[in-house]
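Comments concern the structure below.
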Amino acid sequence: MSRIRSVDTKPEKFVRKYLFSRGLRYRKNDKRYPGKPDLVFPKYKTMVFVNGCFWHGHKDCMDFIIPKSNTDYWLKKIAQNIDRDSRNILLLNEAGWKTIILWECELKPNAKYARLALLYNEIIVGIKLYKDGLM
């Protein structure tokens with residue numbers, strides 16, 4: 001488990017590179033906020049979490065498979081991760097931040113660019129809604 005990365009994973013790097021190429025600027029893994037969001041867009045009052053399907057317990061996902069050995073440990077560990085993620089997102093939303101979760105499985109080769117374009121639009125539209133007072 002010591003080799004498991006918590007920052008600068010391949011999916012995170014891919015998302016960052018795409019959004020930067022579209023002109024968005026961000027802070028990464030900002031420790032000032034609950035959950036140390038992967039990407040923080042202060043201008044858009046938006047935070048993005050790039051979650052691994054296994055580690056964050058993505059329901060109904062083919063990549064979320066509980067190991068056959070030490071099952072009780074993994075079920076408890078993943079349940080704690082889900083609870084922690086929910087608490088952090090609730091705190092961020094209460095503080096006025098829009099939170100977006102991007103799952104690792106959404107970045108599979110056949111659909112990743114469509115999902116990233118949607119992510120870009122989700123981030124950009126958030127600023128218009130905040131400025132117009134609609135959110």
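In the structure tokens, the first chain shown is A, the next is B, and so on; residue numbers restart at 1 for each chain, and ligands run from 1 in the order shown.
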Query raised in the report: What residues in chain A get the DSSP label strand (DSSP E or B)? Please answer as a VMD selection string.
Result: chain A and resid 27 to 28 39 to 41 46 to 51 98 to 103
Filtering to N, CA, C and O atoms, could you give me those residues as a PDB file, in the first residue's frame?
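Ended up saving to part.pdb:
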ATOM      1  N   ARG A  27      -5.543  25.445  -8.614  1.00  0.00           N
ATOM      2  CA  ARG A  27      -4.602  25.016  -7.575  1.00  0.00           C
ATOM      3  C   ARG A  27      -4.801  23.521  -7.425  1.00  0.00           C
ATOM      4  O   ARG A  27      -5.917  23.023  -7.545  1.00  0.00           O
ATOM      5  N   LYS A  28      -3.733  22.818  -7.127  1.00  0.00           N
ATOM      6  CA  LYS A  28      -3.889  21.377  -6.967  1.00  0.00           C
ATOM      7  C   LYS A  28      -3.606  20.955  -5.536  1.00  0.00           C
ATOM      8  O   LYS A  28      -2.710  21.488  -4.879  1.00  0.00           O
ATOM      9  N   LEU A  39      -8.330  19.447  -7.646  1.00  0.00           N
ATOM     10  CA  LEU A  39      -8.258  20.698  -8.394  1.00  0.00           C
ATOM     11  C   LEU A  39      -9.193  21.723  -7.766  1.00  0.00           C
ATOM     12  O   LEU A  39     -10.358  21.425  -7.504  1.00  0.00           O
ATOM     13  N   VAL A  40      -8.664  22.919  -7.541  1.00  0.00           N
ATOM     14  CA  VAL A  40      -9.457  24.011  -6.985  1.00  0.00           C
ATOM     15  C   VAL A  40      -9.447  25.153  -7.995  1.00  0.00           C
ATOM     16  O   VAL A  40      -8.383  25.607  -8.417  1.00  0.00           O
ATOM     17  N   PHE A  41     -10.636  25.589  -8.367  1.00  0.00           N
ATOM     18  CA  PHE A  41     -10.802  26.701  -9.303  1.00  0.00           C
ATOM     19  C   PHE A  41     -11.424  27.868  -8.543  1.00  0.00           C
ATOM     20  O   PHE A  41     -12.651  28.032  -8.546  1.00  0.00           O
ATOM     21  N   THR A  46     -15.283  26.384  -7.654  1.00  0.00           N
ATOM     22  CA  THR A  46     -15.518  24.975  -7.957  1.00  0.00           C
ATOM     23  C   THR A  46     -14.315  24.135  -7.555  1.00  0.00           C
ATOM     24  O   THR A  46     -13.176  24.562  -7.702  1.00  0.00           O
ATOM     25  N   MET A  47     -14.595  22.936  -7.063  1.00  0.00           N
ATOM     26  CA  MET A  47     -13.553  21.974  -6.728  1.00  0.00           C
ATOM     27  C   MET A  47     -13.854  20.666  -7.435  1.00  0.00           C
ATOM     28  O   MET A  47     -15.004  20.252  -7.544  1.00  0.00           O
ATOM     29  N   VAL A  48     -12.784  20.024  -7.903  1.00  0.00           N
ATOM     30  CA  VAL A  48     -12.924  18.756  -8.611  1.00  0.00           C
ATOM     31  C   VAL A  48     -12.124  17.692  -7.867  1.00  0.00           C
ATOM     32  O   VAL A  48     -10.962  17.900  -7.517  1.00  0.00           O
ATOM     33  N   PHE A  49     -12.771  16.566  -7.648  1.00  0.00           N
ATOM     34  CA  PHE A  49     -12.120  15.393  -7.074  1.00  0.00           C
ATOM     35  C   PHE A  49     -12.044  14.333  -8.165  1.00  0.00           C
ATOM     36  O   PHE A  49     -13.061  13.991  -8.768  1.00  0.00           O
ATOM     37  N   VAL A  50     -10.847  13.830  -8.444  1.00  0.00           N
ATOM     38  CA  VAL A  50     -10.672  12.734  -9.400  1.00  0.00           C
ATOM     39  C   VAL A  50     -10.520  11.475  -8.551  1.00  0.00           C
ATOM     40  O   VAL A  50      -9.464  11.231  -7.970  1.00  0.00           O
ATOM     41  N   ASN A  51     -11.593  10.702  -8.459  1.00  0.00           N
ATOM     42  CA  ASN A  51     -11.630   9.559  -7.551  1.00  0.00           C
ATOM     43  C   ASN A  51     -11.383   8.238  -8.267  1.00  0.00           C
ATOM     44  O   ASN A  51     -11.941   7.983  -9.336  1.00  0.00           O
ATOM     45  N   LYS A  98     -18.876  24.667  -5.248  1.00  0.00           N
ATOM     46  CA  LYS A  98     -19.476  23.648  -6.101  1.00  0.00           C
ATOM     47  C   LYS A  98     -18.463  22.510  -6.171  1.00  0.00           C
ATOM     48  O   LYS A  98     -17.274  22.746  -6.387  1.00  0.00           O
ATOM     49  N   THR A  99     -18.902  21.281  -5.954  1.00  0.00           N
ATOM     50  CA  THR A  99     -17.988  20.137  -6.001  1.00  0.00           C
ATOM     51  C   THR A  99     -18.391  19.205  -7.133  1.00  0.00           C
ATOM     52  O   THR A  99     -19.576  18.944  -7.350  1.00  0.00           O
ATOM     53  N   ILE A 100     -17.387  18.739  -7.842  1.00  0.00           N
ATOM     54  CA  ILE A 100     -17.599  17.807  -8.958  1.00  0.00           C
ATOM     55  C   ILE A 100     -16.717  16.596  -8.707  1.00  0.00           C
ATOM     56  O   ILE A 100     -15.524  16.732  -8.436  1.00  0.00           O
ATOM     57  N   ILE A 101     -17.315  15.418  -8.806  1.00  0.00           N
ATOM     58  CA  ILE A 101     -16.543  14.179  -8.677  1.00  0.00           C
ATOM     59  C   ILE A 101     -16.404  13.571 -10.062  1.00  0.00           C
ATOM     60  O   ILE A 101     -17.392  13.344 -10.766  1.00  0.00           O
ATOM     61  N   LEU A 102     -15.172  13.319 -10.428  1.00  0.00           N
ATOM     62  CA  LEU A 102     -14.867  12.676 -11.701  1.00  0.00           C
ATOM     63  C   LEU A 102     -14.314  11.297 -11.361  1.00  0.00           C
ATOM     64  O   LEU A 102     -13.310  11.180 -10.658  1.00  0.00           O
ATOM     65  N   TRP A 103     -14.980  10.249 -11.828  1.00  0.00           N
ATOM     66  CA  TRP A 103     -14.572   8.887 -11.511  1.00  0.00           C
ATOM     67  C   TRP A 103     -13.552   8.384 -12.525  1.00  0.00           C
ATOM     68  O   TRP A 103     -13.619   8.723 -13.716  1.00  0.00           O
TER      69      TRP A 103
END
Query - A:Lys77, A:Lys31, A:Lys36, A:Arg22 ranked by distance to Phe54 of chain A, top pick (using only C-alpha atoms) - result: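 Among the listed residues, A:Lys77 lies closest to Phe54 of chain A.
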Do you have, as a Markdown table, the list of residues of segment 7-38 of chain A lying at most 9 Å from segment 116-120 of chain A, each with its nearest atom pair and that distance in Å to one decimal, counting only C-alpha atoms and ordered by chain then number?
| residue | atom | partner | partner_atom | distance |
| --- | --- | --- | --- | --- |
| A:Val15 | CA | A:Leu116 | CA | 7.2 |
| A:Tyr18 | CA | A:Leu116 | CA | 7.5 |
| A:Leu19 | CA | A:Tyr120 | CA | 6.9 |
| A:Arg22 | CA | A:Tyr120 | CA | 8.1 |
| A:Leu24 | CA | A:Tyr120 | CA | 8.6 |
Requested in this report: Looking only at alpha helix (DSSP H) from DSSP on the backbone, list the matching residues of segment 10-81 of chain A as a count of residues only.
Outcome: 23
Query raised in the report: Quick one, how far is atom CA of His56 of chain A from atom CA of Arg87 of chain A?
Result: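 One can read the atom CA of His56 of chain A to atom CA of Arg87 of chain A distance as 13.2 Å.
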Report task. Name the residues in contact with Gly57 of chain A at a cut-off of 7 Å, using only C-alpha atoms, excluding same-chain residues fewer than 5 positions from it; report them as a list in words. Result -> Phe64, Ile78 and Ile82 of chain A
Query - Computed interatomic separation between atom CA of Leu75 of chain A and atom CA of Met62 of chain A (Å) - result: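 Interatomic distance here is 16.3 Å.
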Query raised in the report: Which is closer to Pro34 of chain A than all the others in A:Lys112, A:Asp8, A:Cys105, A:Ser86, using only C-alpha atoms?
Result: A:Ser86
Query raised in the report: So how far away is atom CA of Glu12 of chain A from atom CA of Glu104 of chain A, in Å?
Result: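 Atom CA of Glu12 of chain A lies 9.0 Å from atom CA of Glu104 of chain A.
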